[in-house]
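Below: the structure, in structure tokens.
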Amino acid sequence: MSPSHRAAPSGARPTPVREPAWELPRSAIGLWVVESLISTAFVWLAIGAFLLFVPADAGDPLPLLQRLAPIAGAVYAVVALSIRPWFKHRVYRWEITNEAAYTRTGWLTQTWTLVPISRIQTVDVTRGVLQQLFGLATVAVLTASSQGTVRIWHLEHDVAQRVADDLARRAELVRDQAT
């Protein structure tokens, strides 16, 4: 099997794995920055608790850790707030074609996923609290396989609803044609 194709049922044409066409809206960057602010606050709370509750005269390697913890927290904050959201926006992509739903996710480890329209069983739209603040939603395309779920994260809410409605309609048409 060539690396540009996934396995297909016998007799079916394999679907090529390719770059999805659409990027996420820029408001996803704001959501990721807020998520990073929250995670950075928890990191700094942990660092503060470590510095406050661990005695300075404790044995090795604690004095070194007490000096390195704030540096590590600062590095984490810089990466989480100023690099990760922008890089994720450049990497995360999605597309719906007549044959499949495609996504590319991950900022350190990238994953390309495709779900053929004929395999779709359920399409869900979810909106977390922060997503609601930014007018975003996630479309989950589910198949019978536990590995077959594709999530299109942080679409504008109206776009997510249209995508979900379109995918559900197409999946139903494919099921009707198969019977």
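Residue numbering restarts at 1 for every chain of the structure tokens, chains are lettered A, B, ... in their displayed order, and ligands are numbered from 1 as they appear.
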
- Any idea what's packed within 12 Å of A:Arg162, counting only C-alpha atoms, ignoring anything in its chain fewer than 2 positions away? Could you give it as a ChimeraX atom specification? /A:96,123-125,137-139,155-160,164-169

Could you write those residues out with C-alpha atoms, as a CSV table (one decimal), in the first residue's frame?
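Below you can see result37.csv, which holds the result:
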```csv
chain,number,residue,atom,x,y,z
A,96,ILE,CA,-15.3,18.2,3.6
A,123,VAL,CA,-22.5,14.0,13.5
A,124,ASP,CA,-22.4,16.1,16.7
A,125,VAL,CA,-21.9,19.8,17.3
A,137,ALA,CA,-18.1,25.0,18.1
A,138,THR,CA,-16.6,21.6,17.4
A,139,VAL,CA,-18.0,19.2,14.9
A,155,LEU,CA,-15.3,26.4,13.8
A,156,GLU,CA,-17.5,29.4,13.8
A,157,HIS,CA,-20.8,28.3,15.3
A,158,ASP,CA,-22.9,28.9,12.2
A,159,VAL,CA,-20.3,27.2,10.0
A,160,ALA,CA,-20.1,24.2,12.4
A,164,ALA,CA,-22.9,19.1,10.6
A,165,ASP,CA,-26.2,19.4,8.7
A,166,ASP,CA,-24.5,18.8,5.4
A,167,LEU,CA,-22.5,15.8,6.6
A,168,ALA,CA,-25.6,14.2,8.2
A,169,ARG,CA,-27.6,14.8,5.0
```

- Message: Can you pull out the residues contacting stretch 44-57 of chain A? Cut-off 7 Å, using only C-alpha atoms, and skip same-chain residues under 5 positions away; I want them as an MDAnalysis selection string.
- Response: chainID A and resid 63 66 69:70 73

- Task: Give the answer as one residue: which of A:Ser145, A:Gln161, A:Gln131, A:Thr97 has the shortest atom-to-atom distance to A:Glu35, using only C-alpha atoms?
- Result: A:Gln131

- Please identify which residues in stretch 14-167 of chain A DSSP calls strand (DSSP E or B) from the backbone, and express them as an MDAnalysis selection string. chainID A and resid 16 22:23 93:96 100:105 111:116 122:126 136:142 150:156

With stretch 83-92 of chain A as the partner and 9 Å as the cut-off, tabulate the residues of stretch 16-51 of chain A that qualify, each row holding the nearest pair of atoms and their distance in Å to one decimal, using only C-alpha atoms, sorted by chain and rising number, as a Markdown table.
```
| residue | atom | partner | partner_atom | distance |
| --- | --- | --- | --- | --- |
| A:Trp22 | CA | A:Tyr92 | CA | 8.7 |
| A:Glu23 | CA | A:Tyr92 | CA | 6.3 |
| A:Leu24 | CA | A:His89 | CA | 6.6 |
| A:Pro25 | CA | A:His89 | CA | 8.3 |
| A:Arg26 | CA | A:His89 | CA | 7.5 |
| A:Ala28 | CA | A:His89 | CA | 7.3 |
| A:Ile29 | CA | A:Pro85 | CA | 5.3 |
| A:Gly30 | CA | A:Pro85 | CA | 7.9 |
| A:Leu31 | CA | A:Pro85 | CA | 8.5 |
| A:Trp32 | CA | A:Pro85 | CA | 5.4 |
| A:Val33 | CA | A:Pro85 | CA | 6.1 |
| A:Ser36 | CA | A:Pro85 | CA | 8.2 |
```

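By chain and then residue number, the residues within 7 Å of A:Leu114 are Ala100, Ala101, Tyr102 and Thr103 of chain A, counting only C-alpha atoms and disregarding those fewer than 4 positions away in sequence.
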
Go ahead and save the picked residues with C-alpha atoms, as a compact mmCIF listing (two decimals), in the first residue's frame.
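This is the output file out_7.txt:
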```txt
# COMPACT_ATOMS: atom_id res chain seq x y z
CA ALA A 100 -14.64 12.25 2.93
CA ALA A 101 -14.12 14.50 5.93
CA TYR A 102 -10.43 15.40 6.33
CA THR A 103 -8.55 16.92 9.25
```

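Remark: for A:Ile152, the closest of the candidate residues A:Gly128, A:Gln121, A:Arg175, A:Arg104 is A:Arg104 (distances computed over only C-alpha atoms).
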
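A straight line drawn from atom CA of A:Arg93 to atom CA of A:Ala41 is 28.6 Å long.
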
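For the pair atom CA of A:Ala72 and atom CA of A:Leu108, the interatomic distance is 18.8 Å.
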
Quick one: everything within 7 Å of A:Thr143, counting only C-alpha atoms, minus sequence neighbours fewer than 5 positions away in the same chain. Send it as an mmCIF file with N, CA, C and O atoms, in the first residue's frame.
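New file out-v5.cif:
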```cif
data_model
loop_
_atom_site.group_PDB
_atom_site.id
_atom_site.type_symbol
_atom_site.label_atom_id
_atom_site.label_comp_id
_atom_site.auth_asym_id
_atom_site.auth_seq_id
_atom_site.Cartn_x
_atom_site.Cartn_y
_atom_site.Cartn_z
ATOM 1 N N ARG A 119 -18.967 5.987 5.776
ATOM 2 C CA ARG A 119 -18.722 5.398 7.107
ATOM 3 C C ARG A 119 -19.314 6.221 8.251
ATOM 4 O O ARG A 119 -19.285 5.798 9.400
ATOM 5 N N ILE A 120 -19.838 7.403 7.955
ATOM 6 C CA ILE A 120 -20.359 8.287 9.003
ATOM 7 C C ILE A 120 -21.641 7.709 9.586
ATOM 8 O O ILE A 120 -22.561 7.345 8.863
ATOM 9 N N GLN A 121 -21.680 7.637 10.927
ATOM 10 C CA GLN A 121 -22.887 7.197 11.612
ATOM 11 C C GLN A 121 -23.581 8.342 12.344
ATOM 12 O O GLN A 121 -24.794 8.413 12.369
ATOM 13 N N THR A 122 -22.785 9.227 12.942
ATOM 14 C CA THR A 122 -23.343 10.313 13.730
ATOM 15 C C THR A 122 -22.498 11.558 13.535
ATOM 16 O O THR A 122 -21.283 11.464 13.392
ATOM 17 N N GLY A 148 -12.252 5.988 14.399
ATOM 18 C CA GLY A 148 -12.781 6.685 13.246
ATOM 19 C C GLY A 148 -13.380 8.048 13.494
ATOM 20 O O GLY A 148 -13.907 8.659 12.586
ATOM 21 N N THR A 149 -13.326 8.551 14.704
ATOM 22 C CA THR A 149 -13.924 9.850 14.984
ATOM 23 C C THR A 149 -13.004 10.965 14.514
ATOM 24 O O THR A 149 -11.816 10.968 14.789
#
```

- Can you list, as a PyMOL selection string, all residues belonging to stretch 26-81 of chain A that DSSP tags as helix (DSSP H, G or I)? chain A and resi 27-53+62-81

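Among A:Thr111, A:Phe134, A:Thr105, A:Val34, the residue with the shortest atom-to-atom distance to A:Trp153, counting only C-alpha atoms, is A:Thr105.
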